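Student: File name model-v3.pdb; file contents PDB, C-alpha atoms and all ligand atoms; full text below.
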ATOM      1  CA  MET A   1     -35.054 -16.951  29.829  1.00  0.00           C
ATOM      2  CA  VAL A   2     -33.650 -13.807  31.369  1.00  0.00           C
ATOM      3  CA  VAL A   3     -33.284 -10.394  29.805  1.00  0.00           C
ATOM      4  CA  LYS A   4     -29.735  -9.795  28.576  1.00  0.00           C
ATOM      5  CA  ILE A   5     -28.164  -6.357  28.698  1.00  0.00           C
ATOM      6  CA  TYR A   6     -25.087  -5.881  26.550  1.00  0.00           C
ATOM      7  CA  GLY A   7     -23.131  -3.090  28.159  1.00  0.00           C
ATOM      8  CA  HIS A   8     -21.031  -2.230  31.162  1.00  0.00           C
ATOM      9  CA  PRO A   9     -22.317  -1.308  34.640  1.00  0.00           C
ATOM     10  CA  THR A  10     -19.875   1.591  35.088  1.00  0.00           C
ATOM     11  CA  TYR A  11     -21.280   3.459  32.068  1.00  0.00           C
ATOM     12  CA  THR A  12     -24.192   5.825  32.528  1.00  0.00           C
ATOM     13  CA  SER A  13     -26.518   4.523  29.821  1.00  0.00           C
ATOM     14  CA  THR A  14     -26.127   0.938  31.017  1.00  0.00           C
ATOM     15  CA  ALA A  15     -26.662   2.051  34.641  1.00  0.00           C
ATOM     16  CA  ARG A  16     -29.982   3.715  33.664  1.00  0.00           C
ATOM     17  CA  VAL A  17     -31.263   0.384  32.330  1.00  0.00           C
ATOM     18  CA  LEU A  18     -29.945  -1.610  35.299  1.00  0.00           C
ATOM     19  CA  VAL A  19     -31.745   0.660  37.772  1.00  0.00           C
ATOM     20  CA  CYS A  20     -35.008  -0.031  35.917  1.00  0.00           C
ATOM     21  CA  LEU A  21     -34.400  -3.783  36.108  1.00  0.00           C
ATOM     22  CA  GLU A  22     -33.647  -3.502  39.829  1.00  0.00           C
ATOM     23  CA  GLU A  23     -36.687  -1.301  40.465  1.00  0.00           C
ATOM     24  CA  VAL A  24     -39.035  -3.911  38.967  1.00  0.00           C
ATOM     25  CA  GLY A  25     -37.149  -6.880  40.425  1.00  0.00           C
ATOM     26  CA  ALA A  26     -36.558  -8.534  37.039  1.00  0.00           C
ATOM     27  CA  GLU A  27     -34.026 -11.280  36.521  1.00  0.00           C
ATOM     28  CA  TYR A  28     -31.311 -10.194  34.126  1.00  0.00           C
ATOM     29  CA  GLU A  29     -27.830 -10.894  32.900  1.00  0.00           C
ATOM     30  CA  VAL A  30     -25.209  -8.309  31.957  1.00  0.00           C
ATOM     31  CA  VAL A  31     -23.121  -9.390  28.977  1.00  0.00           C
ATOM     32  CA  THR A  32     -20.003  -7.261  29.341  1.00  0.00           C
ATOM     33  CA  VAL A  33     -19.008  -5.138  26.362  1.00  0.00           C
ATOM     34  CA  ASP A  34     -15.519  -3.801  27.021  1.00  0.00           C
ATOM     35  CA  LEU A  35     -15.245  -0.370  25.423  1.00  0.00           C
ATOM     36  CA  THR A  36     -11.521  -0.191  26.175  1.00  0.00           C
ATOM     37  CA  LYS A  37     -11.061  -3.188  23.849  1.00  0.00           C
ATOM     38  CA  GLY A  38     -13.337  -1.716  21.173  1.00  0.00           C
ATOM     39  CA  GLU A  39     -15.892  -4.493  21.632  1.00  0.00           C
ATOM     40  CA  HIS A  40     -18.690  -2.007  20.865  1.00  0.00           C
ATOM     41  CA  LYS A  41     -17.363  -1.584  17.312  1.00  0.00           C
ATOM     42  CA  THR A  42     -17.179  -5.269  16.357  1.00  0.00           C
ATOM     43  CA  PRO A  43     -19.550  -6.548  13.645  1.00  0.00           C
ATOM     44  CA  ALA A  44     -21.269  -8.745  16.263  1.00  0.00           C
ATOM     45  CA  TYR A  45     -22.034  -5.770  18.506  1.00  0.00           C
ATOM     46  CA  LEU A  46     -22.899  -3.438  15.588  1.00  0.00           C
ATOM     47  CA  ALA A  47     -25.582  -5.969  14.654  1.00  0.00           C
ATOM     48  CA  ARG A  48     -27.143  -5.194  18.072  1.00  0.00           C
ATOM     49  CA  ASN A  49     -26.662  -1.432  17.901  1.00  0.00           C
ATOM     50  CA  PRO A  50     -25.610   0.015  14.527  1.00  0.00           C
ATOM     51  CA  PHE A  51     -24.426   3.211  16.265  1.00  0.00           C
ATOM     52  CA  GLY A  52     -21.782   1.246  18.174  1.00  0.00           C
ATOM     53  CA  VAL A  53     -22.650   2.492  21.650  1.00  0.00           C
ATOM     54  CA  ILE A  54     -23.828   0.627  24.741  1.00  0.00           C
ATOM     55  CA  PRO A  55     -26.258  -0.627  25.932  1.00  0.00           C
ATOM     56  CA  ALA A  56     -28.340  -3.061  23.876  1.00  0.00           C
ATOM     57  CA  LEU A  57     -31.076  -5.421  25.039  1.00  0.00           C
ATOM     58  CA  GLU A  58     -31.913  -8.972  24.016  1.00  0.00           C
ATOM     59  CA  ASP A  59     -35.093 -10.563  25.332  1.00  0.00           C
ATOM     60  CA  GLY A  60     -35.608 -13.844  23.518  1.00  0.00           C
ATOM     61  CA  GLU A  61     -36.000 -12.897  19.864  1.00  0.00           C
ATOM     62  CA  PHE A  62     -36.563  -9.226  20.672  1.00  0.00           C
ATOM     63  CA  LYS A  63     -33.655  -6.799  20.374  1.00  0.00           C
ATOM     64  CA  LEU A  64     -33.527  -3.091  21.219  1.00  0.00           C
ATOM     65  CA  PHE A  65     -31.027  -0.295  21.810  1.00  0.00           C
ATOM     66  CA  GLU A  66     -31.049   3.270  23.236  1.00  0.00           C
ATOM     67  CA  SER A  67     -31.101   3.257  27.022  1.00  0.00           C
ATOM     68  CA  ARG A  68     -34.314   5.237  27.463  1.00  0.00           C
ATOM     69  CA  ALA A  69     -36.187   3.027  24.963  1.00  0.00           C
ATOM     70  CA  ILE A  70     -34.831  -0.105  26.695  1.00  0.00           C
ATOM     71  CA  SER A  71     -35.816   1.314  30.077  1.00  0.00           C
ATOM     72  CA  LYS A  72     -39.380   1.925  28.917  1.00  0.00           C
ATOM     73  CA  TYR A  73     -39.571  -1.595  27.468  1.00  0.00           C
ATOM     74  CA  ILE A  74     -38.526  -3.029  30.826  1.00  0.00           C
ATOM     75  CA  LEU A  75     -40.935  -0.840  32.786  1.00  0.00           C
ATOM     76  CA  ARG A  76     -43.778  -1.842  30.463  1.00  0.00           C
ATOM     77  CA  LYS A  77     -42.907  -5.531  30.449  1.00  0.00           C
ATOM     78  CA  TYR A  78     -42.688  -5.778  34.238  1.00  0.00           C
ATOM     79  CA  LYS A  79     -45.477  -3.343  35.052  1.00  0.00           C
ATOM     80  CA  GLY A  80     -47.280  -4.801  38.017  1.00  0.00           C
ATOM     81  CA  SER A  81     -44.178  -6.154  39.704  1.00  0.00           C
ATOM     82  CA  GLY A  82     -43.372  -2.721  41.122  1.00  0.00           C
ATOM     83  CA  SER A  83     -44.722   0.782  41.014  1.00  0.00           C
ATOM     84  CA  ASP A  84     -45.979   2.170  37.718  1.00  0.00           C
ATOM     85  CA  LEU A  85     -42.975   4.253  36.744  1.00  0.00           C
ATOM     86  CA  LEU A  86     -44.415   5.291  33.366  1.00  0.00           C
ATOM     87  CA  GLN A  87     -47.931   6.129  34.651  1.00  0.00           C
ATOM     88  CA  GLU A  88     -49.308   4.490  31.515  1.00  0.00           C
ATOM     89  CA  GLY A  89     -53.026   4.658  30.844  1.00  0.00           C
ATOM     90  CA  LYS A  90     -53.257   8.060  32.522  1.00  0.00           C
ATOM     91  CA  ILE A  91     -52.852  10.555  29.709  1.00  0.00           C
ATOM     92  CA  GLU A  92     -51.805  13.639  31.693  1.00  0.00           C
ATOM     93  CA  GLU A  93     -49.586  11.784  34.181  1.00  0.00           C
ATOM     94  CA  SER A  94     -47.821   9.754  31.477  1.00  0.00           C
ATOM     95  CA  SER A  95     -47.309  12.929  29.423  1.00  0.00           C
ATOM     96  CA  MET A  96     -45.639  14.543  32.442  1.00  0.00           C
ATOM     97  CA  VAL A  97     -43.303  11.526  32.629  1.00  0.00           C
ATOM     98  CA  ASP A  98     -42.521  11.978  28.917  1.00  0.00           C
ATOM     99  CA  LEU A  99     -41.829  15.668  29.525  1.00  0.00           C
ATOM    100  CA  GLY A 100     -39.449  14.934  32.393  1.00  0.00           C
ATOM    101  CA  VAL A 101     -37.543  12.379  30.322  1.00  0.00           C
ATOM    102  CA  GLU A 102     -37.276  14.796  27.377  1.00  0.00           C
ATOM    103  CA  ILE A 103     -35.904  17.504  29.663  1.00  0.00           C
ATOM    104  CA  GLU A 104     -33.419  15.041  31.144  1.00  0.00           C
ATOM    105  CA  ALA A 105     -32.248  13.917  27.693  1.00  0.00           C
ATOM    106  CA  HIS A 106     -32.126  17.320  25.993  1.00  0.00           C
ATOM    107  CA  HIS A 107     -31.348  19.842  28.750  1.00  0.00           C
ATOM    108  CA  TYR A 108     -29.993  18.104  31.886  1.00  0.00           C
ATOM    109  CA  ASN A 109     -27.802  15.473  30.275  1.00  0.00           C
ATOM    110  CA  PRO A 110     -26.061  17.854  27.807  1.00  0.00           C
ATOM    111  CA  ALA A 111     -25.267  20.271  30.670  1.00  0.00           C
ATOM    112  CA  ILE A 112     -24.100  17.723  33.262  1.00  0.00           C
ATOM    113  CA  SER A 113     -22.289  15.161  31.099  1.00  0.00           C
ATOM    114  CA  PRO A 114     -19.396  17.476  30.044  1.00  0.00           C
ATOM    115  CA  ILE A 115     -18.710  18.261  33.721  1.00  0.00           C
ATOM    116  CA  VAL A 116     -18.539  14.557  34.530  1.00  0.00           C
ATOM    117  CA  TYR A 117     -16.450  13.857  31.437  1.00  0.00           C
ATOM    118  CA  GLN A 118     -13.939  16.617  32.160  1.00  0.00           C
ATOM    119  CA  CYS A 119     -13.642  15.876  35.902  1.00  0.00           C
ATOM    120  CA  LEU A 120     -13.641  12.068  35.791  1.00  0.00           C
ATOM    121  CA  VAL A 121     -12.872  10.677  32.360  1.00  0.00           C
ATOM    122  CA  VAL A 122     -10.238  13.139  31.104  1.00  0.00           C
ATOM    123  CA  PRO A 123      -7.947  12.775  34.185  1.00  0.00           C
ATOM    124  CA  ALA A 124      -8.428   8.979  34.166  1.00  0.00           C
ATOM    125  CA  ARG A 125      -6.980   9.030  30.633  1.00  0.00           C
ATOM    126  CA  GLY A 126      -4.026  11.143  31.726  1.00  0.00           C
ATOM    127  CA  GLY A 127      -5.382  14.445  30.380  1.00  0.00           C
ATOM    128  CA  THR A 128      -6.079  17.842  31.908  1.00  0.00           C
ATOM    129  CA  PRO A 129      -9.696  18.966  32.315  1.00  0.00           C
ATOM    130  CA  ASP A 130     -10.716  21.915  30.163  1.00  0.00           C
ATOM    131  CA  GLN A 131     -11.937  24.516  32.660  1.00  0.00           C
ATOM    132  CA  LYS A 132     -13.669  26.562  29.944  1.00  0.00           C
ATOM    133  CA  ILE A 133     -15.876  23.605  29.063  1.00  0.00           C
ATOM    134  CA  ILE A 134     -16.552  22.980  32.751  1.00  0.00           C
ATOM    135  CA  ASP A 135     -17.453  26.624  33.462  1.00  0.00           C
ATOM    136  CA  ALA A 136     -19.824  26.864  30.484  1.00  0.00           C
ATOM    137  CA  SER A 137     -21.458  23.569  31.496  1.00  0.00           C
ATOM    138  CA  VAL A 138     -21.832  24.648  35.132  1.00  0.00           C
ATOM    139  CA  GLU A 139     -23.580  27.803  33.919  1.00  0.00           C
ATOM    140  CA  ALA A 140     -25.884  25.772  31.663  1.00  0.00           C
ATOM    141  CA  ALA A 141     -26.568  23.231  34.431  1.00  0.00           C
ATOM    142  CA  SER A 142     -27.393  26.042  36.885  1.00  0.00           C
ATOM    143  CA  LYS A 143     -30.115  27.339  34.569  1.00  0.00           C
ATOM    144  CA  VAL A 144     -31.600  23.858  34.165  1.00  0.00           C
ATOM    145  CA  LEU A 145     -31.462  23.203  37.894  1.00  0.00           C
ATOM    146  CA  ASP A 146     -33.171  26.509  38.671  1.00  0.00           C
ATOM    147  CA  VAL A 147     -36.079  25.199  36.621  1.00  0.00           C
ATOM    148  CA  TYR A 148     -35.958  21.935  38.597  1.00  0.00           C
ATOM    149  CA  GLU A 149     -35.870  23.806  41.907  1.00  0.00           C
ATOM    150  CA  ALA A 150     -39.036  25.713  40.971  1.00  0.00           C
ATOM    151  CA  ARG A 151     -40.741  22.525  39.788  1.00  0.00           C
ATOM    152  CA  LEU A 152     -39.751  20.520  42.866  1.00  0.00           C
ATOM    153  CA  SER A 153     -41.042  23.235  45.189  1.00  0.00           C
ATOM    154  CA  THR A 154     -44.564  22.415  43.973  1.00  0.00           C
ATOM    155  CA  SER A 155     -44.338  18.616  43.685  1.00  0.00           C
ATOM    156  CA  LYS A 156     -42.134  16.009  45.348  1.00  0.00           C
ATOM    157  CA  TYR A 157     -41.023  14.495  42.040  1.00  0.00           C
ATOM    158  CA  LEU A 158     -40.566  15.872  38.532  1.00  0.00           C
ATOM    159  CA  ALA A 159     -43.746  14.382  37.073  1.00  0.00           C
ATOM    160  CA  GLY A 160     -45.920  14.880  40.165  1.00  0.00           C
ATOM    161  CA  ASP A 161     -46.193  13.304  43.588  1.00  0.00           C
ATOM    162  CA  SER A 162     -45.038   9.818  42.549  1.00  0.00           C
ATOM    163  CA  PHE A 163     -41.521   8.678  41.768  1.00  0.00           C
ATOM    164  CA  THR A 164     -41.366   7.882  38.041  1.00  0.00           C
ATOM    165  CA  PHE A 165     -38.986   7.175  35.187  1.00  0.00           C
ATOM    166  CA  ALA A 166     -38.676  10.970  34.754  1.00  0.00           C
ATOM    167  CA  ASP A 167     -36.756  11.022  38.050  1.00  0.00           C
ATOM    168  CA  LEU A 168     -34.972   7.698  37.618  1.00  0.00           C
ATOM    169  CA  SER A 169     -33.480   8.695  34.272  1.00  0.00           C
ATOM    170  CA  HIS A 170     -31.417  11.381  36.040  1.00  0.00           C
ATOM    171  CA  PHE A 171     -29.686   8.846  38.249  1.00  0.00           C
ATOM    172  CA  PRO A 172     -26.486   7.892  36.352  1.00  0.00           C
ATOM    173  CA  TYR A 173     -25.064  11.345  35.610  1.00  0.00           C
ATOM    174  CA  THR A 174     -26.223  12.794  38.920  1.00  0.00           C
ATOM    175  CA  HIS A 175     -24.464   9.943  40.713  1.00  0.00           C
ATOM    176  CA  TYR A 176     -21.184  10.765  38.963  1.00  0.00           C
ATOM    177  CA  LEU A 177     -21.675  14.523  39.414  1.00  0.00           C
ATOM    178  CA  MET A 178     -22.140  14.029  43.168  1.00  0.00           C
ATOM    179  CA  ALA A 179     -19.568  11.315  43.773  1.00  0.00           C
ATOM    180  CA  GLY A 180     -16.832  12.204  41.323  1.00  0.00           C
ATOM    181  CA  THR A 181     -16.703  15.967  40.732  1.00  0.00           C
ATOM    182  CA  PRO A 182     -16.239  19.123  42.860  1.00  0.00           C
ATOM    183  CA  TYR A 183     -19.606  20.432  41.550  1.00  0.00           C
ATOM    184  CA  ALA A 184     -22.026  18.625  43.892  1.00  0.00           C
ATOM    185  CA  SER A 185     -23.158  22.063  45.095  1.00  0.00           C
ATOM    186  CA  LEU A 186     -25.121  22.361  41.848  1.00  0.00           C
ATOM    187  CA  ILE A 187     -27.486  19.922  43.573  1.00  0.00           C
ATOM    188  CA  THR A 188     -26.921  20.624  47.278  1.00  0.00           C
ATOM    189  CA  SER A 189     -27.298  24.425  47.029  1.00  0.00           C
ATOM    190  CA  ARG A 190     -30.894  24.020  45.858  1.00  0.00           C
ATOM    191  CA  PRO A 191     -32.960  22.699  48.801  1.00  0.00           C
ATOM    192  CA  HIS A 192     -35.728  20.996  46.816  1.00  0.00           C
ATOM    193  CA  VAL A 193     -33.318  19.503  44.286  1.00  0.00           C
ATOM    194  CA  LYS A 194     -31.121  18.291  47.160  1.00  0.00           C
ATOM    195  CA  ALA A 195     -34.080  16.604  48.911  1.00  0.00           C
ATOM    196  CA  TRP A 196     -35.182  15.055  45.593  1.00  0.00           C
ATOM    197  CA  TRP A 197     -31.728  13.628  44.938  1.00  0.00           C
ATOM    198  CA  GLU A 198     -31.259  12.314  48.498  1.00  0.00           C
ATOM    199  CA  ASP A 199     -34.636  10.591  48.341  1.00  0.00           C
ATOM    200  CA  MET A 200     -33.734   8.893  45.043  1.00  0.00           C
ATOM    201  CA  ALA A 201     -30.175   8.018  45.968  1.00  0.00           C
ATOM    202  CA  ALA A 202     -31.452   6.080  49.002  1.00  0.00           C
ATOM    203  CA  ARG A 203     -33.663   3.763  46.937  1.00  0.00           C
ATOM    204  CA  PRO A 204     -32.337   0.184  47.161  1.00  0.00           C
ATOM    205  CA  ALA A 205     -32.165  -0.134  43.353  1.00  0.00           C
ATOM    206  CA  PHE A 206     -30.017   3.004  43.118  1.00  0.00           C
ATOM    207  CA  VAL A 207     -27.749   1.948  45.989  1.00  0.00           C
ATOM    208  CA  LYS A 208     -27.165  -1.437  44.333  1.00  0.00           C
ATOM    209  CA  VAL A 209     -26.391  -0.073  40.857  1.00  0.00           C
ATOM    210  CA  ALA A 210     -24.276   2.790  42.243  1.00  0.00           C
ATOM    211  CA  ALA A 211     -22.090   0.261  44.060  1.00  0.00           C
ATOM    212  CA  ALA A 212     -20.985  -1.117  40.679  1.00  0.00           C
ATOM    213  CA  MET A 213     -20.247   2.326  39.224  1.00  0.00           C
ATOM    214  CA  ARG A 214     -16.836   3.969  39.337  1.00  0.00           C
ATOM    215  CA  ALA A 215     -17.042   6.918  41.705  1.00  0.00           C
TER
HETATM  216  N1  LIG A 301     -28.302   7.731  23.552  1.00  0.00           N
HETATM  217  C1  LIG A 301     -27.561   6.514  23.841  1.00  0.00           C
HETATM  218  C2  LIG A 301     -26.158   6.892  24.287  1.00  0.00           C
HETATM  219  C3  LIG A 301     -25.291   5.683  24.450  1.00  0.00           C
HETATM  220  C4  LIG A 301     -23.859   6.047  24.725  1.00  0.00           C
HETATM  221  O1  LIG A 301     -23.379   7.133  24.342  1.00  0.00           O
HETATM  222  N2  LIG A 301     -23.141   5.110  25.361  1.00  0.00           N
HETATM  223  C5  LIG A 301     -21.761   5.352  25.666  1.00  0.00           C
HETATM  224  C6  LIG A 301     -21.432   4.826  27.066  1.00  0.00           C
HETATM  225  S1  LIG A 301     -22.460   5.624  28.302  1.00  0.00           S
HETATM  226  C7  LIG A 301     -20.880   4.614  24.675  1.00  0.00           C
HETATM  227  O2  LIG A 301     -21.156   3.487  24.320  1.00  0.00           O
HETATM  228  N3  LIG A 301     -19.790   5.249  24.251  1.00  0.00           N
HETATM  229  C8  LIG A 301     -18.847   4.636  23.385  1.00  0.00           C
HETATM  230  C9  LIG A 301     -18.527   5.458  22.184  1.00  0.00           C
HETATM  231  O3  LIG A 301     -19.100   6.554  22.031  1.00  0.00           O
HETATM  232  O4  LIG A 301     -17.687   5.025  21.403  1.00  0.00           O
HETATM  233  C10 LIG A 301     -28.281   5.706  24.930  1.00  0.00           C
HETATM  234  O5  LIG A 301     -28.925   6.336  25.784  1.00  0.00           O
HETATM  235  O6  LIG A 301     -28.238   4.466  24.900  1.00  0.00           O
END
Can you turn what I pasted into structure tokens?

Tutor:
Amino acid sequence: MVVKIYGHPTYTSTARVLVCLEEVGAEYEVVTVDLTKGEHKTPAYLARNPFGVIPALEDGEFKLFESRAISKYILRKYKGSGSDLLQEGKIEESSMVDLGVEIEAHHYNPAISPIVYQCLVVPARGGTPDQKIIDASVEAASKVLDVYEARLSTSKYLAGDSFTFADLSHFPYTHYLMAGTPYASLITSRPHVKAWWEDMAARPAFVKVAAAMRA
């Protein structure tokens, strides 16, 4: 029985989960949910995720949604088949992973996602990007990335000297920022952030999942 991910590999939250599965070498199946056809709002899908967003996980009888919760489930279930990306059992190290994931979810993601949305999604739907939203988001992202630059000048990764889920969780939006917007300099102008991203982007799991993404 393989883990099933209901989602779509081009969407960021699904990509986060797929990178985890690739990192641990788990067997999995993607059950495509086509957002353009509204498949995420059908009663069948709402039974998997009542908020009507992708992804959702099914592992035998067990069901879960929210990409970061699914990611942690996968990393816990397959701990031992790869590196320990949650640092579980080590109270300070695992707390640093939690901190990095919280910062990604509540500071990084809200600053970067509007840039990606305005530069990639809006034009793809025939619209014109709102430069005011982009400018405000670039300013917000700069402040967050200054914090990252300081942090990454004292340790190779966000939670310490090992690559963890705190780093991995940044992958989907950073991929689209770098590959699909004119704002890659947010990353490349900061030497430690640039080295951190280049190191992550070269990981085989990232390369494989990125190949199925849009930009
Ligand atoms: N916090 C959720 C966010 C999920 C989310 O917003 N998914 C997007 C695609 S990346 C979605 O399904 N959007 C469809 C919609 O909002 O109608 C998670 O991490 O799983």

Student: Identify which of the residues A:Pro191, A:Gly100, A:Pro182, A:Gly89 lies closest to Val116 of chain A, counting only C-alpha atoms when measuring atom-to-atom distances.

Tutor: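 Once distances to Val116 of chain A are computed over only C-alpha atoms, the minimum belongs to A:Pro182.
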
Student: Show me, as JSON, the centre and edge lengths in Å to one decimal of the axis-aligned box that covers every listed atom of ligand LIG 301 (chain A) with 3 Å on each side.

Tutor:
{"center_x": -23.3, "center_y": 5.6, "center_z": 24.9, "size_x": 17.2, "size_y": 10.2, "size_z": 12.9}

Student: Which residues of chain A sit at most 10 Å from ligand LIG 301 (chain A), using all atoms listed in the file? Give each one's shortest atom pair and distance in Å (one decimal place), in chain and ascending residue order, as CSV.

Tutor:
residue,atom,partner,partner_atom,distance
A:Gly7,CA,A:LIG301,O2,7.9
A:His8,CA,A:LIG301,C6,8.2
A:Pro9,CA,A:LIG301,S1,9.4
A:Thr10,CA,A:LIG301,S1,8.3
A:Tyr11,CA,A:LIG301,S1,4.5
A:Thr12,CA,A:LIG301,S1,4.6
A:Ser13,CA,A:LIG301,S1,4.5
A:Thr14,CA,A:LIG301,S1,6.5
A:Ala15,CA,A:LIG301,S1,8.4
A:Arg16,CA,A:LIG301,O5,8.4
A:Val17,CA,A:LIG301,O6,9.0
A:Val33,CA,A:LIG301,O2,9.1
A:Asp34,CA,A:LIG301,O2,9.6
A:Leu35,CA,A:LIG301,C8,6.5
A:Thr36,CA,A:LIG301,C8,9.2
A:Gly38,CA,A:LIG301,O4,8.0
A:Glu39,CA,A:LIG301,O4,9.7
A:His40,CA,A:LIG301,O2,6.9
A:Lys41,CA,A:LIG301,O4,7.8
A:Asn49,CA,A:LIG301,O6,9.3
A:Phe51,CA,A:LIG301,O3,8.5
A:Gly52,CA,A:LIG301,O4,6.4
A:Val53,CA,A:LIG301,O2,3.2
A:Ile54,CA,A:LIG301,O2,3.9
A:Pro55,CA,A:LIG301,O6,5.6
A:Ala56,CA,A:LIG301,O6,7.6
A:Leu64,CA,A:LIG301,O6,9.9
A:Phe65,CA,A:LIG301,O6,6.3
A:Glu66,CA,A:LIG301,O6,3.5
A:Ser67,CA,A:LIG301,O6,3.8
A:Arg68,CA,A:LIG301,O5,5.8
A:Ala69,CA,A:LIG301,O5,8.0
A:Ile70,CA,A:LIG301,O6,8.2
A:Ser71,CA,A:LIG301,O5,9.5
A:Ala105,CA,A:LIG301,N1,8.4
A:Ser113,CA,A:LIG301,S1,9.9
A:Ser169,CA,A:LIG301,O5,9.9
A:Pro172,CA,A:LIG301,S1,9.3
A:Tyr173,CA,A:LIG301,S1,9.6

Student: Taking (-25.2, -9.5, 34.5) in the file's coordinates, which residues come within 9 Å, counting all atoms listed in the file, written as a PyMOL selection string?

Tutor: chain A and resi 4-6+9+28-32

Student: So the first atom is atom CA of Ala211 of chain A and the second is atom CA of Asp98 of chain A; what is the distance between them in Å, to one decimal place?

Tutor: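 If I compute the distance from atom CA of Ala211 of chain A to atom CA of Asp98 of chain A, I get 28.0 Å.
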
Student: So how many Å separate atom CA of Ala124 of chain A and atom CA of Tyr176 of chain A, to one decimal?

Tutor: 13.7 Å

Student: Between atom CA of Glu92 of chain A and atom CA of Leu145 of chain A, measure the distance and give it in Å to one decimal.

Tutor: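 Result for atom CA of Glu92 of chain A versus atom CA of Leu145 of chain A: 23.3 Å, one decimal.
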
Student: Choose the residue, out of A:Tyr183, A:Tyr148, A:Trp197, A:Phe171, that has the smallest atom-to-atom separation from Met213 of chain A; count all atoms listed in the file.

Tutor: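 Ranked by minimum distance to Met213 of chain A, first place goes to A:Phe171.
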
Student: Run the PyMOL selection byres (((chain A and resi 114) around 12) and not hetatm) on the file and write out the hits as JSON, numbers by chain.

Tutor: {"A": [108, 109, 110, 111, 112, 113, 115, 116, 117, 118, 119, 120, 121, 122, 129, 130, 131, 132, 133, 134, 135, 136, 137, 138, 139, 140, 141, 173, 176, 177, 181, 183]}

Student: Excluding same-chain residues fewer than 3 positions from Phe163 of chain A, what lies within 12 Å of it counting only C-alpha atoms, as a list in words?

Tutor: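 Everything that qualifies: Glu23, Gly82, Ser83, Asp84, Leu85, Leu86, Gln87, Glu93, Met96, Val97, Gly100, Ser155, Lys156, Tyr157, Leu158, Ala159, Gly160, Ala166, Asp167, Leu168, Ser169, His170, Trp196, Trp197, Asp199, Met200 and Arg203 of chain A.
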
Student: Here is a test: counting all atoms listed in the file, which residue of A:Leu186, A:Leu99, A:Leu21, A:Met1 is nearest to Ala205 of chain A?

Tutor: A:Leu21

Student: For the provided coordinates, the residues matched by the PyMOL selection byres (((chain A and resi 60) around 9) and not hetatm) should be stated as JSON, numbers by chain.

Tutor: {"A": [1, 2, 3, 4, 58, 59, 61, 62, 63]}

Student: A:Ser153, A:His175, A:Val207, A:Arg214: which is nearest Ala195 of chain A, counting all atoms listed in the file?

Tutor: A:Ser153

Student: Between A:Thr128, A:Ser189, A:Arg151, A:Glu198, single out the one closest to Thr174 of chain A, counting all atoms listed in the file.

Tutor: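 For Thr174 of chain A, the nearest of the candidates is A:Glu198.
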